[in-house]
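Source file: protein_15.cif. Holds: mmCIF, C-alpha atoms.
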```
data_model
loop_
_atom_site.label_atom_id
_atom_site.label_comp_id
_atom_site.auth_asym_id
_atom_site.auth_seq_id
_atom_site.Cartn_x
_atom_site.Cartn_y
_atom_site.Cartn_z
CA MET A 1 -56.44 -10.01 -9.62
CA ILE A 2 -54.25 -13.09 -9.92
CA ARG A 3 -52.19 -11.40 -12.65
CA ARG A 4 -51.64 -8.36 -10.41
CA VAL A 5 -50.47 -10.53 -7.51
CA ALA A 6 -48.11 -12.46 -9.81
CA LEU A 7 -46.71 -9.21 -11.23
CA PHE A 8 -46.20 -7.80 -7.74
CA ALA A 9 -44.42 -10.98 -6.64
CA LEU A 10 -42.14 -10.85 -9.68
CA VAL A 11 -41.22 -7.19 -9.08
CA PHE A 12 -40.65 -7.88 -5.36
CA SER A 13 -38.33 -10.77 -6.16
CA PHE A 14 -36.23 -8.56 -8.46
CA LEU A 15 -35.98 -5.84 -5.80
CA THR A 16 -35.02 -8.37 -3.13
CA ALA A 17 -32.37 -9.91 -5.38
CA GLY A 18 -30.96 -6.45 -6.15
CA ALA A 19 -30.82 -5.53 -2.46
CA HIS A 20 -29.06 -8.82 -1.69
CA ALA A 21 -26.52 -8.20 -4.44
CA GLN A 22 -25.93 -4.68 -3.12
CA GLU A 23 -25.30 -5.99 0.41
CA TRP A 24 -23.02 -8.71 -0.95
CA ALA A 25 -20.88 -6.11 -2.70
CA ASP A 26 -20.86 -3.64 0.22
CA LYS A 27 -19.36 -6.24 2.55
CA MET A 28 -16.15 -6.40 0.51
CA PHE A 29 -15.22 -2.80 1.43
CA LYS A 30 -13.65 -2.06 4.79
CA ILE A 31 -14.97 1.53 4.81
CA ARG A 32 -17.10 3.48 2.34
CA THR A 33 -16.65 7.10 3.45
CA HIS A 34 -13.62 9.38 3.76
CA ASN A 35 -13.19 13.02 4.74
CA PHE A 36 -9.96 14.61 3.49
CA GLY A 37 -10.44 17.42 6.03
CA THR A 38 -9.10 20.92 5.39
CA VAL A 39 -6.33 20.83 2.79
CA ALA A 40 -4.11 23.33 0.96
CA ARG A 41 -4.59 24.25 -2.67
CA ASN A 42 -2.46 22.16 -5.05
CA SER A 43 -1.71 19.62 -2.31
CA GLN A 44 -1.76 15.93 -3.20
CA GLN A 45 -4.71 14.20 -1.55
CA VAL A 46 -5.28 10.53 -2.33
CA PHE A 47 -7.27 7.90 -0.48
CA ARG A 48 -7.54 4.15 -1.14
CA PHE A 49 -10.88 2.47 -0.44
CA GLU A 50 -9.59 -1.04 0.21
CA LEU A 51 -11.64 -4.12 -0.58
CA GLN A 52 -11.21 -7.88 -0.42
CA ASN A 53 -13.02 -10.61 -2.30
CA ILE A 54 -14.32 -12.71 0.60
CA TYR A 55 -16.33 -15.03 -1.66
CA LYS A 56 -15.66 -18.16 -3.70
CA GLU A 57 -16.64 -16.54 -6.99
CA THR A 58 -14.27 -14.29 -8.93
CA VAL A 59 -15.28 -10.64 -8.73
CA HIS A 60 -14.91 -8.25 -11.67
CA ILE A 61 -15.17 -4.47 -11.32
CA SER A 62 -16.22 -3.04 -14.67
CA GLY A 63 -15.72 0.62 -13.77
CA VAL A 64 -16.10 3.53 -11.37
CA ARG A 65 -17.55 7.01 -11.90
CA ALA A 66 -17.69 10.20 -9.81
CA SER A 67 -20.61 12.57 -9.32
CA CYS A 68 -18.25 15.58 -9.17
CA GLY A 69 -15.15 16.57 -11.11
CA CYS A 70 -13.50 17.46 -7.79
CA THR A 71 -12.56 13.79 -7.43
CA THR A 72 -10.97 11.45 -9.96
CA PRO A 73 -11.53 7.76 -9.19
CA SER A 74 -9.65 4.74 -10.50
CA VAL A 75 -9.53 0.99 -9.86
CA GLU A 76 -6.20 -0.61 -8.92
CA LYS A 77 -7.21 -4.11 -9.97
CA ASN A 78 -10.39 -4.97 -11.86
CA THR A 79 -10.45 -8.75 -11.32
CA LEU A 80 -10.17 -10.25 -7.83
CA ALA A 81 -9.99 -13.97 -7.08
CA THR A 82 -11.01 -15.34 -3.69
CA TRP A 83 -9.21 -13.50 -0.83
CA GLU A 84 -7.46 -11.14 -3.24
CA ASN A 85 -7.19 -7.50 -2.18
CA GLY A 86 -7.72 -4.40 -4.27
CA ALA A 87 -8.65 -0.75 -3.94
CA VAL A 88 -10.65 2.05 -5.48
CA VAL A 89 -8.42 5.15 -5.46
CA ALA A 90 -9.92 8.61 -4.96
CA ARG A 91 -7.80 11.61 -5.95
CA PHE A 92 -9.08 14.94 -4.61
CA ASN A 93 -8.43 17.57 -7.31
CA THR A 94 -7.11 20.43 -5.18
CA ASP A 95 -5.43 22.10 -8.15
CA SER A 96 -8.68 22.95 -9.93
CA PHE A 97 -11.36 23.20 -7.20
CA LEU A 98 -11.77 25.34 -4.07
CA GLY A 99 -14.01 25.35 -1.03
CA GLN A 100 -16.16 22.59 0.41
CA LYS A 101 -16.48 19.71 -2.04
CA SER A 102 -17.97 16.23 -1.93
CA ALA A 103 -18.48 13.41 -4.39
CA THR A 104 -20.15 10.04 -4.65
CA LEU A 105 -18.06 7.35 -6.32
CA THR A 106 -20.16 4.61 -7.87
CA VAL A 107 -18.34 1.29 -8.29
CA THR A 108 -19.94 -1.03 -10.85
CA ILE A 109 -19.50 -4.79 -10.48
CA ASP A 110 -20.61 -7.10 -13.30
CA GLN A 111 -19.36 -10.49 -12.04
CA PRO A 112 -20.48 -12.80 -10.57
CA PHE A 113 -23.61 -10.66 -10.87
CA GLN A 114 -24.55 -6.99 -11.23
CA ALA A 115 -24.11 -4.69 -8.24
CA GLU A 116 -23.14 -1.11 -7.42
CA VAL A 117 -21.32 0.22 -4.37
CA GLN A 118 -21.36 3.90 -3.47
CA LEU A 119 -18.36 5.49 -1.79
CA GLN A 120 -18.43 9.01 -0.33
CA VAL A 121 -15.58 11.55 -0.19
CA SER A 122 -15.54 15.13 1.06
CA GLY A 123 -13.15 17.89 2.05
CA TYR A 124 -12.48 21.61 2.17
CA ILE A 125 -9.86 23.05 -0.21
CA ARG A 126 -8.37 26.31 1.07
CA SER A 127 -7.81 29.09 -1.43
CA ASP A 128 -5.39 31.05 0.79
CA VAL A 129 -2.73 28.34 1.29
CA VAL A 130 -0.80 26.87 -1.64
CA LEU A 131 1.84 24.10 -1.59
CA SER A 132 4.29 23.66 -4.44
CA PRO A 133 4.91 20.89 -5.24
CA GLY A 134 1.82 19.39 -3.64
CA ALA A 135 3.59 16.46 -1.93
CA VAL A 136 6.97 15.21 -0.74
CA GLU A 137 7.95 12.43 -3.14
CA PHE A 138 11.24 10.69 -2.36
CA GLY A 139 10.85 8.01 -5.02
CA GLU A 140 13.28 5.07 -4.81
CA VAL A 141 15.78 5.57 -1.98
CA GLU A 142 18.94 3.54 -1.41
CA PRO A 143 19.43 2.41 2.21
CA GLY A 144 21.80 4.54 4.26
CA THR A 145 21.30 7.68 2.15
CA VAL A 146 19.62 10.95 3.24
CA PRO A 147 17.37 12.26 0.44
CA GLU A 148 16.05 15.79 0.73
CA ARG A 149 13.02 17.53 -0.79
CA LYS A 150 11.91 21.18 -0.63
CA ILE A 151 8.33 22.46 -0.55
CA GLN A 152 7.24 26.08 -1.07
CA LEU A 153 4.32 27.19 1.11
CA THR A 154 2.53 30.44 0.27
CA TYR A 155 -0.26 32.13 2.26
CA ALA A 156 -2.40 35.12 1.23
CA GLY A 157 -4.36 36.94 3.96
CA ARG A 158 -3.45 38.09 7.46
CA GLY A 159 -0.13 39.83 7.86
CA ASP A 160 0.60 38.09 11.19
CA TRP A 161 -0.01 34.57 9.87
CA GLN A 162 2.77 32.11 10.64
CA VAL A 163 3.68 28.43 10.83
CA GLU A 164 4.23 27.40 14.44
CA ASP A 165 5.10 23.72 14.10
CA ILE A 166 5.33 20.80 11.67
CA ARG A 167 4.40 17.45 13.19
CA SER A 168 4.92 13.89 12.04
CA ALA A 169 4.23 10.47 13.52
CA ASN A 170 7.15 9.06 11.51
CA ASP A 171 10.41 9.29 13.49
CA HIS A 172 12.43 8.76 10.31
CA LEU A 173 11.35 12.12 8.84
CA GLN A 174 13.25 15.31 9.69
CA VAL A 175 11.67 18.67 8.85
CA SER A 176 12.92 22.25 8.99
CA MET A 177 11.36 25.51 7.78
CA GLN A 178 12.70 28.86 6.70
CA PRO A 179 10.61 32.05 6.22
CA THR A 180 11.25 33.41 2.72
CA GLY A 181 8.91 36.39 2.51
CA ARG A 182 6.36 38.55 4.36
CA GLY A 183 4.55 41.63 3.09
CA ASN A 184 1.52 42.95 1.22
CA GLY A 185 -0.68 40.32 2.81
CA ARG A 186 1.49 37.41 1.65
CA VAL A 187 3.61 35.04 3.74
CA SER A 188 5.91 32.34 2.35
CA TYR A 189 8.04 29.54 3.77
CA GLU A 190 10.43 26.96 2.40
CA LEU A 191 10.07 23.54 4.01
CA THR A 192 12.95 21.08 3.87
CA VAL A 193 12.06 17.43 4.43
CA ARG A 194 14.74 14.77 4.88
CA LEU A 195 14.52 11.02 5.27
CA LYS A 196 16.97 9.80 7.92
CA GLU A 197 19.69 7.34 6.95
CA ASP A 198 18.39 4.69 9.36
CA ALA A 199 14.96 4.51 7.70
CA PRO A 200 14.00 0.83 7.28
CA ALA A 201 13.38 -0.78 3.92
CA GLY A 202 9.82 -0.54 2.70
CA TYR A 203 7.19 1.91 1.50
CA ILE A 204 6.63 5.35 3.01
CA ASN A 205 3.06 6.66 3.00
CA ASP A 206 2.69 9.32 5.68
CA TYR A 207 1.59 12.87 6.29
CA LEU A 208 3.24 15.92 7.80
CA HIS A 209 0.85 18.23 9.63
CA ILE A 210 1.55 21.96 9.36
CA VAL A 211 0.34 23.81 12.47
CA THR A 212 -0.33 27.57 12.15
CA ASN A 213 -1.32 30.34 14.59
CA GLU A 214 -4.85 30.67 13.23
CA GLY A 215 -6.32 27.92 15.42
CA ARG A 216 -7.71 25.89 12.51
CA ASN A 217 -7.04 22.27 11.67
CA PRO A 218 -3.40 21.49 10.70
CA ILE A 219 -2.63 21.47 6.97
CA PRO A 220 -1.69 17.94 5.77
CA LEU A 221 1.28 17.37 3.47
CA ALA A 222 1.63 13.89 1.94
CA VAL A 223 4.99 12.09 2.03
CA SER A 224 5.72 9.05 -0.12
CA GLY A 225 8.67 6.95 -1.23
CA ARG A 226 10.28 3.56 -0.96
CA VAL A 227 13.52 2.57 0.73
CA THR A 228 14.86 -0.28 -1.36
CA PRO A 229 16.22 -3.24 0.61
CA ALA A 230 20.00 -3.66 0.69
CA VAL A 231 19.54 -7.33 -0.21
CA THR A 232 16.80 -8.98 -2.27
CA ILE A 233 15.88 -12.65 -2.51
CA SER A 234 14.23 -14.27 -5.52
CA PRO A 235 11.87 -15.99 -5.27
CA ALA A 236 10.58 -14.57 -1.98
CA SER A 237 8.42 -17.67 -1.63
CA LEU A 238 10.15 -20.96 -2.52
CA PHE A 239 7.94 -24.04 -3.06
CA LEU A 240 9.97 -27.26 -2.93
CA GLY A 241 7.23 -29.54 -4.24
CA VAL A 242 5.35 -32.62 -3.04
CA ILE A 243 7.71 -35.35 -1.81
CA GLU A 244 7.73 -38.52 0.32
CA PRO A 245 9.37 -38.93 3.73
CA GLY A 246 13.08 -39.63 3.49
CA ARG A 247 13.42 -38.03 0.05
CA SER A 248 15.44 -34.86 -0.58
CA VAL A 249 14.96 -32.03 -3.03
CA THR A 250 17.21 -29.07 -3.86
CA ARG A 251 16.18 -25.70 -5.28
CA GLN A 252 18.16 -22.53 -5.90
CA LEU A 253 17.67 -19.01 -4.59
CA ILE A 254 19.15 -15.85 -6.06
CA VAL A 255 20.39 -13.33 -3.47
CA ARG A 256 21.30 -9.91 -4.91
CA ALA A 257 22.70 -6.55 -3.82
CA LYS A 258 24.19 -3.54 -5.59
CA LYS A 259 27.56 -4.11 -3.91
CA PRO A 260 29.62 -7.29 -3.45
CA PHE A 261 28.75 -9.03 -0.19
CA ARG A 262 29.22 -12.23 1.77
CA ILE A 263 26.54 -14.40 3.34
CA VAL A 264 27.59 -14.63 6.99
CA ASN A 265 24.68 -16.52 8.52
CA ILE A 266 21.41 -18.28 7.67
CA HIS A 267 18.78 -18.53 10.40
CA CYS A 268 16.39 -21.48 10.12
CA ASP A 269 14.53 -23.28 12.93
CA ASP A 270 13.78 -26.42 10.90
CA LYS A 271 16.58 -29.03 10.77
CA CYS A 272 15.11 -30.51 7.59
CA PHE A 273 16.64 -27.61 5.62
CA ALA A 274 20.31 -27.39 4.61
CA PHE A 275 22.17 -24.62 2.78
CA ALA A 276 25.41 -24.32 0.84
CA PRO A 277 26.42 -20.63 0.77
CA SER A 278 29.55 -19.38 -0.95
CA ASP A 279 32.33 -17.61 1.01
CA GLU A 280 33.06 -15.33 -1.95
CA ALA A 281 32.09 -11.65 -1.92
CA LYS A 282 30.00 -10.87 -5.01
CA PRO A 283 26.86 -8.89 -5.91
CA MET A 284 24.82 -12.02 -6.74
CA HIS A 285 24.80 -15.37 -4.95
CA ILE A 286 23.09 -18.53 -6.17
CA LEU A 287 22.18 -20.33 -2.95
CA PRO A 288 21.26 -24.06 -3.03
CA VAL A 289 18.46 -24.93 -0.58
CA THR A 290 18.02 -28.64 0.24
CA PHE A 291 15.00 -30.02 2.03
CA THR A 292 14.89 -33.59 3.39
CA ALA A 293 11.36 -34.71 4.12
CA ASP A 294 10.60 -36.02 7.58
CA GLN A 295 7.03 -36.35 8.82
CA ALA A 296 3.99 -36.14 6.55
CA GLY A 297 2.22 -32.80 6.39
CA LYS A 298 2.55 -29.27 5.03
CA ILE A 299 5.80 -27.47 5.82
CA ALA A 300 6.30 -23.69 5.83
CA CYS A 301 9.39 -22.07 7.29
CA THR A 302 10.57 -18.44 7.35
CA ILE A 303 14.33 -18.33 6.73
CA ALA A 304 16.53 -15.26 7.28
CA ILE A 305 19.73 -14.60 5.35
CA GLU A 306 22.28 -12.33 7.01
CA THR A 307 25.04 -10.60 5.01
CA ASP A 308 27.98 -8.38 5.86
CA LEU A 309 26.25 -5.30 4.36
CA PRO A 310 24.77 -2.65 6.71
CA GLY A 311 21.10 -3.52 7.05
CA GLY A 312 21.73 -6.40 4.68
CA SER A 313 19.34 -9.03 6.01
CA ALA A 314 16.38 -10.49 4.16
CA GLU A 315 13.84 -13.26 4.59
CA PHE A 316 12.08 -15.79 2.40
CA VAL A 317 9.49 -18.49 3.01
CA ALA A 318 10.24 -22.09 2.03
CA SER A 319 7.33 -24.54 1.81
CA ALA A 320 6.73 -28.15 0.85
CA THR A 321 4.13 -30.88 1.15
CA VAL A 322 5.28 -34.22 2.55
CA ASN A 323 2.97 -37.08 1.56
CA ASN A 324 2.49 -40.25 3.53
CA ALA A 325 4.56 -42.88 1.69
CA GLN A 326 1.87 -45.55 1.90
CA THR A 327 -0.84 -43.21 0.62
CA ALA A 328 1.33 -41.98 -2.21
CA SER A 329 1.93 -45.53 -3.51
CA ASN A 330 -1.75 -46.40 -3.76
CA PRO A 331 -3.24 -46.18 -7.26
#
```

Take the structure in the file and write it out as structure tokens.
Amino acid sequence: MIRRVALFALVFSFLTAGAHAQEWADKMFKIRTHNFGTVARNSQQVFRFELQNIYKETVHISGVRASCGCTTPSVEKNTLATWENGAVVARFNTDSFLGQKSATLTVTIDQPFQAEVQLQVSGYIRSDVVLSPGAVEFGEVEPGTVPERKIQLTYAGRGDWQVEDIRSANDHLQVSMQPTGRGNGRVSYELTVRLKEDAPAGYINDYLHIVTNEGRNPIPLAVSGRVTPAVTISPASLFLGVIEPGRSVTRQLIVRAKKPFRIVNIHCDDKCFAFAPSDEAKPMHILPVTFTADQAGKIACTIAIETDLPGGSAEFVASATVNNAQTASNP
């Protein structure tokens, strides 16, 4: 009897530990389910299950597997230190599957201890609507330019089927459509998608929604790209070191652009910082940044550099730690 009770207690402790580990791992994910909705065949459908390591221990993801070939999972970053972010990426395979599909993605964690997290994806892949290519991909875009991409949409079914509208929440996207064929139960359109010249620097990850006359959910079309900044600063985060009050330190920044430019202004709210920009127009500037320590404490200041290029402003963060002089001199 005693042996049975001891065995039961041992098994219960293992189950409790496993449940605790499972809960610990689940808490790192913001959401664990995603529905792609109704999508066109051959369209690009990708979703990122974001997670953050909210614990002191380093987390290691050893792998991820899918219960269905309709979804291909991958891990963006396997090792996450405290507060680091990552994602498990789910790609819905609309080019090789049709109809209602769902999959369970099992994420395996082996550090700091064993755990598994299950993520759920689902969606309906239409067989009668095909997009080619399956997404609008602008790639790297120079500021002030107007890139253009064309998408072929083909429908097989009702003879009166038509696209009524194409909607977007992104004001920097411009879309037009042109019917290219109708007959024998097939309807085709050519969609032209442009990125406006005033699009701000940064990544583009949006969807266009194609509205038809059939009364069903709009058909999503993914749009991606990156507008490169006119001016870049390296490093984007400048650490000036640990210094005592009254001391000064100088570090150098590299400010670059594809065209020659002048630095016309530097915006900084902290009088402890001083700058020595050049008046010369050139594609790369080496900018000395001098910090004179004042009061003890940690300093962090966002500094903006303005140039004479259209949209040619950029920011960096300068930081330093000012020690108390008396404390610093103690052995």

**OP:** Name all residues at most 6 Å from range 45-53 of chain A (count all atoms listed in the file; drop same-chain ones fewer than 2 positions away) and give them as a PyMOL selection string.
**Re:** chain A and resi 28-29+55+82-92

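Counting from CA of Gln120 in chain A, the distance to CA of Cys70 in chain A is 12.3 Å.
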
**OP:** May I ask for the distance between CA of Leu153 in chain A and CA of Leu131 in chain A, given in Å to one decimal place?
**Re:** 4.8 Å

Subject >> Picked residues, the PyMOL selection byres ((chain A and resi 267) around 7), as an NGL selection string >> reply: :A and (265-266 or 268-269 or 303-305)

Subject >> Between CA of Asp308 in chain A and CA of Leu253 in chain A, distance in Å (one decimal) >> reply: 18.1 Å

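Within 6 Å of Val289 in chain A, once only C-alpha atoms are used and residues closer than 6 positions along the same chain are dropped, the contacting residues are Thr250, Arg251, Gln252 and Phe275 of chain A.
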
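Using all atoms listed in the file, the residues found no farther than 8 Å from Val129 in chain A, other than those of its own chain fewer than 2 positions away, are Ala40, Arg41, Arg126, Ser127, Leu131, Leu153, Thr154, Tyr155 and Ala156 of chain A.
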
**OP:** Can you turn the PyMOL selection byres ((chain A and resi 123) around 7) into a concrete residue list for this file, as a PyMOL selection string?
**Re:** chain A and resi 35-38+100-102+122+124-125

**OP:** For the structure shown, which residues end up in the PyMOL selection byres ((chain A and resi 177) around 12)? Put them as a list in words, please?
**Re:** Arg149, Lys150, Ile151, Gln152, Leu153, Gln162, Val163, Glu164, Asp165, Ile166, Arg167, Gln174, Val175, Ser176, Gln178, Pro179, Thr180, Ser188, Tyr189, Glu190, Leu191, Thr192, Val193, Arg194 and Ile210 of chain A

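Summary of the local environment: counting only C-alpha atoms, residues at most 6 Å from Arg256 in chain A, other than itself and those fewer than 4 positions away along its chain, are A:Val231, A:Thr232, A:Pro283, A:Met284.
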
Original post:
Counting only C-alpha atoms, what is within 9 Å of Ile299 in chain A, bar same-chain residues fewer than 6 positions away, as a ChimeraX atom specification?
Top reply: /A:318-322

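Proximity of A:Gly159, A:Gly144, A:Pro220, A:Gly63 to Val39 in chain A, computed with all atoms listed in the file, is greatest for A:Pro220.
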
Take every atom of range 126-139 of chain A listed in the file, fit an axis-aligned box around them, add 6 Å per side, and give the centre and edge lengths in Å to one decimal as lines of an AutoDock Vina configuration file.
```
center_x = 1.4
center_y = 19.5
center_z = -2.0
size_x = 31.6
size_y = 35.0
size_z = 18.5
```

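For the choices A:Glu280, A:Asp160, A:Asp171, A:Glu140, the atom-to-atom distance to Thr307 in chain A is smallest for A:Glu280 when using all atoms listed in the file.
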
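Of the residues listed (A:Gly181, A:Glu214, A:Ile254, A:Ile109), A:Ile254 shows the shortest atom-to-atom separation from Pro288 in chain A; distances use all atoms listed in the file.
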
Quick one: which range 163-259 of chain A residues come within 10 Å of range 293-298 of chain A, and what is the nearest atom pair for each with the distance in Å to one decimal, counting only C-alpha atoms, rows ordered by chain and ascending number, as JSON lines?
```
{"residue": "A:Val242", "atom": "CA", "partner": "A:Lys298", "partner_atom": "CA", "distance": 9.2}
{"residue": "A:Ile243", "atom": "CA", "partner": "A:Ala293", "partner_atom": "CA", "distance": 7.0}
{"residue": "A:Glu244", "atom": "CA", "partner": "A:Ala293", "partner_atom": "CA", "distance": 6.5}
{"residue": "A:Pro245", "atom": "CA", "partner": "A:Ala293", "partner_atom": "CA", "distance": 4.7}
{"residue": "A:Gly246", "atom": "CA", "partner": "A:Ala293", "partner_atom": "CA", "distance": 5.2}
{"residue": "A:Arg247", "atom": "CA", "partner": "A:Ala293", "partner_atom": "CA", "distance": 5.6}
{"residue": "A:Ser248", "atom": "CA", "partner": "A:Ala293", "partner_atom": "CA", "distance": 6.2}
{"residue": "A:Val249", "atom": "CA", "partner": "A:Ala293", "partner_atom": "CA", "distance": 8.4}
```

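Among the candidates A:Leu287, A:Ala201, A:Val136, A:Ala169, the one nearest to Glu148 in chain A when counting only C-alpha atoms is A:Val136.
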
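Among A:Thr104, A:Gly241, A:Val141, A:Gly157, the residue with the shortest atom-to-atom distance to Glu116 in chain A, counting only C-alpha atoms, is A:Thr104.
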
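Comparing the minimum interatomic distances between Cys68 in chain A and each of A:Ser234, A:Asn93, A:His285, A:Gln118, counting only C-alpha atoms, we find that A:Asn93 sits nearest.
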
Output range 67-81 of chain A as a short mmCIF file (atom, residue, chain, number, x, y, z; two decimals), in the coordinates of the input, making sure N, CA and C atoms are there.
```cif
data_model
loop_
_atom_site.label_atom_id
_atom_site.label_comp_id
_atom_site.auth_asym_id
_atom_site.auth_seq_id
_atom_site.Cartn_x
_atom_site.Cartn_y
_atom_site.Cartn_z
N SER A 67 -19.52 11.62 -9.13
CA SER A 67 -20.61 12.57 -9.32
C SER A 67 -20.12 14.00 -9.44
N CYS A 68 -18.82 14.22 -9.15
CA CYS A 68 -18.25 15.58 -9.17
C CYS A 68 -16.83 15.52 -9.72
N GLY A 69 -16.49 16.52 -10.54
CA GLY A 69 -15.15 16.57 -11.11
C GLY A 69 -14.08 16.88 -10.08
N CYS A 70 -14.48 17.18 -8.84
CA CYS A 70 -13.50 17.46 -7.79
C CYS A 70 -12.74 16.21 -7.36
N THR A 71 -13.22 15.05 -7.79
CA THR A 71 -12.56 13.79 -7.43
C THR A 71 -12.42 12.92 -8.66
N THR A 72 -11.22 12.37 -8.85
CA THR A 72 -10.97 11.45 -9.96
C THR A 72 -10.76 10.06 -9.39
N PRO A 73 -11.67 9.12 -9.72
CA PRO A 73 -11.53 7.76 -9.19
C PRO A 73 -10.84 6.84 -10.18
N SER A 74 -10.25 5.78 -9.66
CA SER A 74 -9.65 4.74 -10.50
C SER A 74 -9.68 3.42 -9.73
N VAL A 75 -9.52 2.32 -10.46
CA VAL A 75 -9.53 0.99 -9.86
C VAL A 75 -8.13 0.40 -9.99
N GLU A 76 -7.55 -0.04 -8.88
CA GLU A 76 -6.20 -0.61 -8.92
C GLU A 76 -6.18 -1.95 -9.64
N LYS A 77 -7.17 -2.78 -9.38
CA LYS A 77 -7.21 -4.11 -9.97
C LYS A 77 -8.66 -4.47 -10.23
N ASN A 78 -8.99 -4.74 -11.50
CA ASN A 78 -10.39 -4.97 -11.86
C ASN A 78 -10.89 -6.36 -11.50
N THR A 79 -10.02 -7.38 -11.57
CA THR A 79 -10.45 -8.75 -11.32
C THR A 79 -9.80 -9.26 -10.03
N LEU A 80 -10.65 -9.76 -9.13
CA LEU A 80 -10.17 -10.25 -7.83
C LEU A 80 -10.63 -11.70 -7.63
N ALA A 81 -9.67 -12.59 -7.45
CA ALA A 81 -9.99 -13.97 -7.08
C ALA A 81 -10.29 -14.02 -5.59
#
```
